[in-house]
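K.L.:
See protein.txt below, with compact mmCIF, C-alpha atoms.
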```
# COMPACT_ATOMS: atom_id res chain seq x y z
CA MET A 1 29.13 -31.17 -175.42
CA LEU A 2 28.84 -27.49 -174.50
CA PRO A 3 29.15 -26.72 -170.76
CA SER A 4 25.70 -25.17 -170.61
CA ALA A 5 24.17 -28.26 -172.23
CA ALA A 6 26.02 -30.60 -169.84
CA ASN A 7 24.82 -28.66 -166.80
CA SER A 8 21.26 -28.79 -168.11
CA ALA A 9 21.44 -32.56 -168.58
CA ASN A 10 22.83 -33.05 -165.06
CA GLU A 11 20.03 -30.98 -163.63
CA ASP A 12 17.44 -33.15 -165.46
CA ILE A 13 19.00 -36.36 -164.13
CA SER A 14 19.18 -35.04 -160.60
CA GLN A 15 15.48 -34.19 -160.71
CA GLN A 16 14.38 -37.73 -161.71
CA VAL A 17 12.70 -39.70 -158.92
CA ASP A 18 13.72 -43.23 -157.97
CA PRO A 19 10.61 -45.42 -158.65
CA ALA A 20 11.34 -47.50 -155.56
CA THR A 21 10.97 -44.50 -153.30
CA ALA A 22 8.26 -42.65 -155.23
CA THR A 23 5.07 -41.72 -153.41
CA ILE A 24 1.74 -41.86 -155.31
CA THR A 25 -1.02 -39.75 -153.96
CA VAL A 26 -4.52 -41.31 -154.37
CA THR A 27 -7.61 -39.33 -153.63
CA ALA A 28 -9.91 -41.41 -151.44
CA VAL A 29 -13.51 -41.77 -152.66
CA GLU A 30 -15.97 -42.01 -149.84
CA VAL A 31 -18.57 -44.80 -150.36
CA THR A 32 -21.74 -43.65 -148.72
CA GLU A 33 -24.16 -46.14 -147.29
CA LEU A 34 -27.55 -46.46 -148.95
CA THR A 35 -30.32 -44.59 -147.25
CA GLN A 36 -33.34 -46.54 -146.13
CA GLU A 37 -35.26 -45.16 -149.11
CA GLU A 38 -32.48 -46.20 -151.52
CA GLN A 39 -32.37 -49.69 -150.01
CA SER A 40 -36.13 -49.92 -150.54
CA ASP A 41 -35.78 -48.72 -154.16
CA ARG A 42 -33.01 -51.22 -154.84
CA LEU A 43 -35.07 -54.11 -153.50
CA HIS A 44 -38.07 -52.96 -155.53
CA LEU A 45 -36.03 -52.75 -158.74
CA GLU A 46 -34.34 -56.10 -158.13
CA ARG A 47 -37.74 -57.70 -157.66
CA LYS A 48 -38.91 -56.15 -160.96
CA VAL A 49 -35.90 -57.66 -162.78
CA GLU A 50 -36.47 -61.04 -161.17
CA ARG A 51 -40.19 -61.02 -161.97
CA ALA A 52 -39.84 -59.74 -165.54
CA PHE A 53 -40.94 -63.10 -166.98
CA PHE A 54 -43.97 -63.12 -164.65
CA GLU A 55 -45.04 -59.60 -165.63
CA ALA A 56 -44.60 -60.51 -169.30
CA GLY A 57 -46.76 -63.61 -168.88
CA LYS A 58 -49.48 -61.65 -167.07
CA ALA A 59 -49.49 -59.00 -169.80
CA LEU A 60 -49.72 -61.65 -172.53
CA ILE A 61 -52.68 -63.27 -170.77
CA GLU A 62 -54.55 -59.96 -170.74
CA LEU A 63 -53.65 -59.19 -174.36
CA ARG A 64 -54.90 -62.63 -175.38
CA ASP A 65 -58.06 -62.77 -173.26
CA ARG A 66 -59.19 -59.25 -174.20
CA ARG A 67 -58.12 -59.75 -177.84
CA LEU A 68 -56.30 -56.42 -177.79
CA TYR A 69 -54.37 -57.53 -180.88
CA ARG A 70 -57.48 -57.70 -183.08
CA SER A 71 -57.04 -54.27 -184.75
CA THR A 72 -53.75 -55.32 -186.39
CA HIS A 73 -53.59 -59.13 -186.35
CA LYS A 74 -55.97 -62.01 -186.97
CA THR A 75 -54.49 -64.28 -184.30
CA PHE A 76 -52.70 -63.95 -180.97
CA ASP A 77 -49.85 -66.12 -182.31
CA GLU A 78 -49.23 -63.79 -185.28
CA TYR A 79 -49.33 -60.75 -183.00
CA CYS A 80 -46.77 -62.18 -180.56
CA LEU A 81 -44.40 -63.09 -183.38
CA ASP A 82 -44.62 -59.66 -185.05
CA ARG A 83 -44.60 -57.53 -181.91
CA PHE A 84 -42.26 -59.39 -179.56
CA GLY A 85 -40.52 -61.99 -181.72
CA TYR A 86 -42.11 -64.77 -179.62
CA ASN A 87 -43.19 -67.92 -181.44
CA ARG A 88 -46.25 -69.78 -180.14
CA SER A 89 -44.19 -72.03 -177.87
CA ARG A 90 -42.38 -69.12 -176.18
CA SER A 91 -45.57 -67.08 -175.72
CA TYR A 92 -47.32 -69.92 -173.95
CA GLN A 93 -44.27 -70.74 -171.84
CA LEU A 94 -44.55 -67.23 -170.36
CA VAL A 95 -48.34 -67.48 -170.05
CA ASP A 96 -48.15 -70.87 -168.30
CA ALA A 97 -45.35 -69.64 -166.02
CA ALA A 98 -47.43 -66.65 -164.92
CA VAL A 99 -50.31 -68.97 -163.99
CA VAL A 100 -47.96 -71.10 -161.84
CA VAL A 101 -46.45 -68.08 -160.04
CA ASP A 102 -49.96 -66.76 -159.36
CA ASN A 103 -50.74 -70.10 -157.75
CA LEU A 104 -47.54 -70.11 -155.66
CA GLN A 105 -48.31 -66.62 -154.35
CA LYS A 106 -51.42 -68.02 -152.68
CA CYS A 107 -49.19 -69.91 -150.23
CA PRO A 108 -47.87 -67.84 -147.27
CA GLN A 109 -44.63 -69.91 -147.20
CA PHE A 110 -43.60 -68.61 -150.63
CA VAL A 111 -44.03 -64.84 -150.10
CA ASP A 112 -40.29 -64.13 -149.99
CA ILE A 113 -39.07 -67.04 -152.12
CA LEU A 114 -40.73 -67.01 -155.53
CA PRO A 115 -39.32 -68.04 -158.93
CA THR A 116 -36.95 -65.54 -160.54
CA ALA A 117 -36.78 -67.16 -164.00
CA GLU A 118 -39.23 -68.89 -166.31
CA GLY A 119 -37.00 -71.97 -166.49
CA GLN A 120 -37.57 -72.61 -162.76
CA VAL A 121 -41.33 -72.74 -163.38
CA ARG A 122 -41.51 -74.64 -166.67
CA PRO A 123 -41.29 -78.18 -165.17
CA MET A 124 -44.36 -77.47 -163.00
CA THR A 125 -46.80 -76.17 -165.62
CA LYS A 126 -48.48 -79.56 -166.26
CA LEU A 127 -49.03 -80.32 -162.57
CA GLU A 128 -52.16 -79.66 -160.52
CA PRO A 129 -52.06 -76.44 -158.42
CA GLN A 130 -51.60 -78.32 -155.15
CA GLU A 131 -48.75 -80.36 -156.66
CA GLN A 132 -47.08 -77.17 -157.91
CA GLN A 133 -47.04 -75.79 -154.37
CA GLU A 134 -45.73 -79.09 -153.02
CA VAL A 135 -42.93 -79.17 -155.60
CA TRP A 136 -41.85 -75.57 -154.95
CA LEU A 137 -41.80 -76.05 -151.18
CA ARG A 138 -39.63 -79.16 -151.51
CA ALA A 139 -37.33 -77.52 -154.09
CA VAL A 140 -36.78 -74.50 -151.80
CA GLU A 141 -35.85 -76.88 -148.97
CA LEU A 142 -33.35 -78.71 -151.20
CA ALA A 143 -31.86 -75.33 -152.22
CA GLY A 144 -31.18 -74.46 -148.58
CA GLY A 145 -33.97 -71.95 -148.26
CA LYS A 146 -33.03 -70.07 -151.41
CA VAL A 147 -34.56 -69.85 -154.88
CA PRO A 148 -33.96 -73.30 -156.46
CA THR A 149 -32.50 -73.84 -159.91
CA GLY A 150 -34.59 -75.23 -162.74
CA ARG A 151 -32.70 -78.52 -162.42
CA ILE A 152 -33.72 -78.94 -158.77
CA VAL A 153 -37.35 -78.19 -159.62
CA LYS A 154 -37.29 -80.65 -162.52
CA ASP A 155 -35.90 -83.43 -160.30
CA VAL A 156 -38.63 -82.88 -157.70
CA VAL A 157 -41.31 -82.87 -160.42
CA GLN A 158 -39.99 -86.16 -161.80
CA ARG A 159 -40.33 -87.76 -158.37
CA ILE A 160 -43.92 -86.54 -158.11
CA ILE A 161 -44.75 -87.96 -161.56
CA GLU A 162 -43.17 -91.33 -160.75
CA ARG A 163 -45.02 -91.45 -157.44
CA THR A 164 -48.41 -90.82 -159.05
CA GLN A 165 -47.81 -92.77 -162.27
CA VAL A 166 -50.71 -95.02 -163.25
CA PRO A 167 -49.74 -98.54 -164.42
CA ASN A 168 -50.07 -99.10 -168.16
CA THR A 169 -53.03 -101.44 -168.65
CA TYR A 170 -53.54 -100.87 -172.38
CA GLN A 171 -53.37 -103.84 -174.75
CA ILE A 172 -52.02 -104.13 -178.28
CA GLY A 173 -54.88 -103.71 -180.73
CA GLU A 174 -57.00 -101.65 -178.30
CA ILE A 175 -58.79 -98.61 -179.78
CA CYS A 176 -58.28 -95.36 -177.88
CA GLN A 177 -59.26 -91.73 -178.20
CA ILE A 178 -56.52 -89.08 -178.27
CA LEU A 179 -56.78 -86.41 -175.55
CA VAL A 180 -54.62 -83.41 -176.42
CA LYS A 181 -54.53 -81.72 -172.95
CA ASP A 182 -52.30 -78.80 -174.04
CA ASN A 183 -49.72 -81.13 -175.62
CA PRO A 184 -48.45 -79.22 -178.71
CA GLU A 185 -47.10 -82.43 -180.24
CA LEU A 186 -50.68 -83.74 -180.54
CA ARG A 187 -52.14 -80.55 -182.01
CA GLY A 188 -54.88 -81.39 -184.50
CA LYS A 189 -55.28 -84.93 -183.14
CA GLY A 190 -57.80 -84.20 -180.38
CA GLY A 191 -60.73 -86.62 -180.53
CA CYS A 192 -59.07 -88.88 -183.09
CA TRP A 193 -59.05 -92.64 -182.62
CA ALA A 194 -55.81 -94.61 -182.50
CA ILE A 195 -54.84 -98.27 -182.37
CA VAL A 196 -52.32 -99.35 -179.72
CA SER A 197 -49.37 -100.99 -181.47
CA ALA A 198 -46.88 -101.20 -178.56
CA VAL A 199 -47.20 -100.90 -174.77
CA ASN A 200 -44.43 -99.16 -172.80
CA ASP A 201 -44.08 -98.32 -169.08
CA PHE A 202 -45.58 -94.83 -169.25
CA SER A 203 -46.72 -94.51 -172.87
CA CYS A 204 -48.07 -96.38 -175.86
CA SER A 205 -47.10 -96.43 -179.50
CA VAL A 206 -50.29 -95.91 -181.47
CA ARG A 207 -51.21 -96.16 -185.13
CA MET A 208 -53.42 -93.54 -186.74
CA TRP A 209 -54.56 -92.98 -190.32
CA ASP A 210 -51.49 -90.84 -191.06
CA GLY A 211 -48.70 -92.61 -189.17
CA GLU A 212 -47.32 -93.89 -185.87
CA TYR A 213 -47.09 -91.79 -182.69
CA ALA A 214 -45.73 -92.20 -179.14
CA VAL A 215 -48.41 -91.02 -176.72
CA GLY A 216 -48.33 -90.68 -172.92
CA LEU A 217 -50.98 -92.51 -170.91
CA GLN A 218 -52.57 -89.22 -169.82
CA HIS A 219 -53.36 -88.54 -173.48
CA LEU A 220 -55.24 -91.79 -174.11
CA LYS A 221 -58.76 -92.94 -173.27
CA SER A 222 -60.01 -96.40 -174.21
CA TYR A 223 -63.21 -96.80 -176.21
CA ASP A 224 -63.68 -100.22 -174.56
CA TYR A 225 -64.60 -101.81 -177.88
CA LEU A 226 -65.21 -105.54 -178.19
CA PRO A 227 -62.46 -107.60 -179.92
CA ALA A 228 -64.53 -107.85 -183.12
CA GLU A 229 -65.04 -104.08 -183.13
CA CYS A 230 -61.29 -103.52 -182.69
CA GLU A 231 -60.67 -105.73 -185.72
CA GLN A 232 -63.14 -103.65 -187.75
CA MET A 233 -61.25 -100.49 -186.82
CA GLN A 234 -57.98 -102.13 -187.87
CA VAL A 235 -59.48 -102.74 -191.33
CA ILE A 236 -60.76 -99.15 -191.58
CA CYS A 237 -57.33 -97.85 -190.53
CA ASP A 238 -55.60 -99.97 -193.18
CA ARG A 239 -57.97 -98.70 -195.87
CA ILE A 240 -57.51 -95.04 -194.96
CA THR A 241 -53.73 -95.43 -194.70
CA ARG A 242 -53.51 -96.86 -198.22
CA VAL A 243 -55.27 -93.80 -199.61
CA TYR A 244 -53.92 -91.00 -197.41
CA SER A 245 -50.89 -88.88 -198.31
CA ASP A 246 -49.82 -85.27 -197.76
CA SER A 247 -49.99 -84.63 -201.50
CA LEU A 248 -53.77 -85.14 -201.71
CA GLU A 249 -56.16 -82.26 -202.35
CA GLU A 250 -57.25 -80.52 -199.15
CA THR A 251 -60.90 -81.59 -199.55
CA VAL A 252 -59.86 -85.25 -199.83
CA LYS A 253 -57.50 -84.98 -196.86
CA SER A 254 -60.26 -83.34 -194.80
CA LEU A 255 -62.63 -86.19 -195.59
CA LEU A 256 -60.09 -88.84 -194.57
CA GLN A 257 -59.25 -86.90 -191.41
CA SER A 258 -62.95 -86.79 -190.51
CA LEU A 259 -62.99 -90.60 -190.77
CA GLY A 260 -60.04 -90.55 -188.39
CA LYS A 261 -62.31 -88.99 -185.75
CA LEU A 262 -65.08 -91.58 -185.82
CA ASN A 263 -66.49 -92.31 -182.36
CA ARG A 264 -68.02 -95.61 -183.49
CA PRO A 265 -66.42 -98.83 -184.78
CA TYR A 266 -68.06 -98.82 -188.23
CA LEU A 267 -68.70 -96.73 -191.33
CA THR A 268 -72.15 -95.55 -192.35
CA ALA A 269 -73.41 -96.49 -195.82
CA VAL A 270 -72.50 -93.05 -197.18
CA GLU A 271 -69.02 -93.13 -195.58
CA GLU A 272 -68.46 -96.59 -197.05
CA LYS A 273 -69.36 -95.34 -200.55
CA LEU A 274 -67.09 -92.28 -200.20
CA LEU A 275 -64.15 -94.40 -199.01
CA ASN A 276 -64.72 -96.87 -201.85
CA LEU A 277 -64.64 -93.98 -204.32
CA LEU A 278 -61.40 -92.61 -202.85
CA GLU A 279 -59.84 -96.09 -202.88
CA SER A 280 -60.64 -96.53 -206.55
CA GLU A 281 -59.41 -93.04 -207.37
CA TYR A 282 -56.26 -92.79 -205.22
CA GLY A 283 -55.52 -96.26 -203.87
CA ARG A 284 -53.58 -97.23 -207.00
CA ILE A 285 -51.08 -94.42 -206.36
CA HIS A 286 -49.71 -96.12 -203.26
```
Starting from the file, give its structure as structure tokens.
P.N.:
Amino acid sequence: MLPSAANSANEDISQQVDPATATITVTAVEVTELTQEEQSDRLHLERKVERAFFEAGKALIELRDRRLYRSTHKTFDEYCLDRFGYNRSRSYQLVDAAVVVDNLQKCPQFVDILPTAEGQVRPMTKLEPQEQQEVWLRAVELAGGKVPTGRIVKDVVQRIIERTQVPNTYQIGEICQILVKDNPELRGKGGCWAIVSAVNDFSCSVRMWDGEYAVGLQHLKSYDYLPAECEQMQVICDRITRVYSDSLEETVKSLLQSLGKLNRPYLTAVEEKLLNLLESEYGRIH
């Protein structure tokens, strides 16, 4: 190696710093405290985030009630799906949640502790307003004075339901009317008659012209028919069931469905003739 090159290499080595003794200079960044105005803005924005589901529900209620969708869509359900991607179930979850939060706001105890997510409200939507307030107060207590989780709310609601549950006094063979009461699973069955086929603790299995259903006690109302009248309805149900199928023409299905909403335990002369005609025409298919 040439002398000049060796000297240069030695100088480079001598200038290297031992990592163990190296000093790293870090520029300190001063974190300033929030001003009173900034603290107020932060709280306001946090509340907006927490209440987003509530504001959405309130807006949907106004859009629905004022029919502000009518210029572009025939129904509120179609509008929600196209505009927001909400199916019917999701739209009404938000609507129902907004109604509950509105009710909770009427209680002075809840001013600072209100739901922050729709899931915390969902278990309460079927309760009476006073029960909703009772549930939320108890759930807040169980959460140590903080916003309770949906699971805590659901547990409290279940206790309320069990406490107020009416004993099942229905009898097998009894004829009842179906009460929908905002139950989506019973959509289209409001006002229909049904025959109790099994009695459970808090529900009944019922037979209708188009199949068997499990129905909660709150969705049933007895017609108080005499035993002979119940037997007549059993016969009518059997006759309709033998004819009915999803593959029938819509006009025929509509006629059979109208018979499924009779509020009397017999057929008129015209209804009897129509059912006889349908039995002769379609009964052989089954």
K.L.:
Would you pick out the contacts of range 147-160 of chain A at 9 Å or less, using only C-alpha atoms, so that residues sharing its chain but fewer than 3 positions from it are not included, and give the list as a PyMOL selection string?
P.N.:
chain A and resi 113-124+127+131-132+135-136+138-144+163-165
K.L.:
Filtering to C-alpha atoms, could you give me those residues as a compact mmCIF listing (two decimals), in the coordinates of the input?
P.N.:
```txt
# COMPACT_ATOMS: atom_id res chain seq x y z
CA ILE A 113 -39.07 -67.04 -152.12
CA LEU A 114 -40.73 -67.01 -155.53
CA PRO A 115 -39.32 -68.04 -158.93
CA THR A 116 -36.95 -65.54 -160.54
CA ALA A 117 -36.78 -67.16 -164.00
CA GLU A 118 -39.23 -68.89 -166.31
CA GLY A 119 -37.00 -71.97 -166.49
CA GLN A 120 -37.57 -72.61 -162.76
CA VAL A 121 -41.33 -72.74 -163.38
CA ARG A 122 -41.51 -74.64 -166.67
CA PRO A 123 -41.29 -78.18 -165.17
CA MET A 124 -44.36 -77.47 -163.00
CA LEU A 127 -49.03 -80.32 -162.57
CA GLU A 131 -48.75 -80.36 -156.66
CA GLN A 132 -47.08 -77.17 -157.91
CA VAL A 135 -42.93 -79.17 -155.60
CA TRP A 136 -41.85 -75.57 -154.95
CA ARG A 138 -39.63 -79.16 -151.51
CA ALA A 139 -37.33 -77.52 -154.09
CA VAL A 140 -36.78 -74.50 -151.80
CA GLU A 141 -35.85 -76.88 -148.97
CA LEU A 142 -33.35 -78.71 -151.20
CA ALA A 143 -31.86 -75.33 -152.22
CA GLY A 144 -31.18 -74.46 -148.58
CA ARG A 163 -45.02 -91.45 -157.44
CA THR A 164 -48.41 -90.82 -159.05
CA GLN A 165 -47.81 -92.77 -162.27
```
K.L.:
Excluding same-chain residues fewer than 4 positions from Gln234 in chain A, what lies within 9 Å of it counting all atoms listed in the file, as an MDAnalysis selection string?
P.N.:
chainID A and resid 173 175 195 229:230 238:239
K.L.:
CA of Gln177 in chain A and CA of Glu249 in chain A, how far apart in Å?
P.N.:
26.1 Å
K.L.:
Mind giving me the straight-line distance from CA of Glu134 in chain A to CA of Arg90 in chain A in Å, one decimal?
P.N.:
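Calculated distance between CA of Glu134 in chain A and CA of Arg90 in chain A is 25.4 Å.
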K.L.:
As an exercise, work out the distance from CA of Gly145 in chain A to CA of Val99 in chain A in Å and give it to one decimal place.
P.N.:
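Answer for the CA of Gly145 in chain A to CA of Val99 in chain A separation: 22.9 Å.
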K.L.:
Which is closest to Tyr92 in chain A among A:Arg207, A:Lys58, A:His73, A:His219, if we use all atoms listed in the file?
P.N.:
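Of all the options, A:Lys58 lies closest to Tyr92 in chain A.
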K.L.:
Do a neighbour search on range 42-54 of chain A at 10 Å with all atoms listed in the file, toss out local chain neighbours closer than 2 positions, and write the hits as a ChimeraX atom specification.
P.N.:
/A:34,36-40,56-60,93-102,114-119
K.L.:
At most 12 Å from (-55.9, -79.9, -171.5), file frame, all atoms listed in the file: which residues, as a PyMOL selection string?
P.N.:
chain A and resi 125-128+178-184+186-187+190+218-219
K.L.:
Looking at A:Val270, A:Asn276, A:Ala194, A:Phe202, which one is nearest to Cys237 in chain A, with distances taken over all atoms listed in the file?
P.N.:
A:Ala194
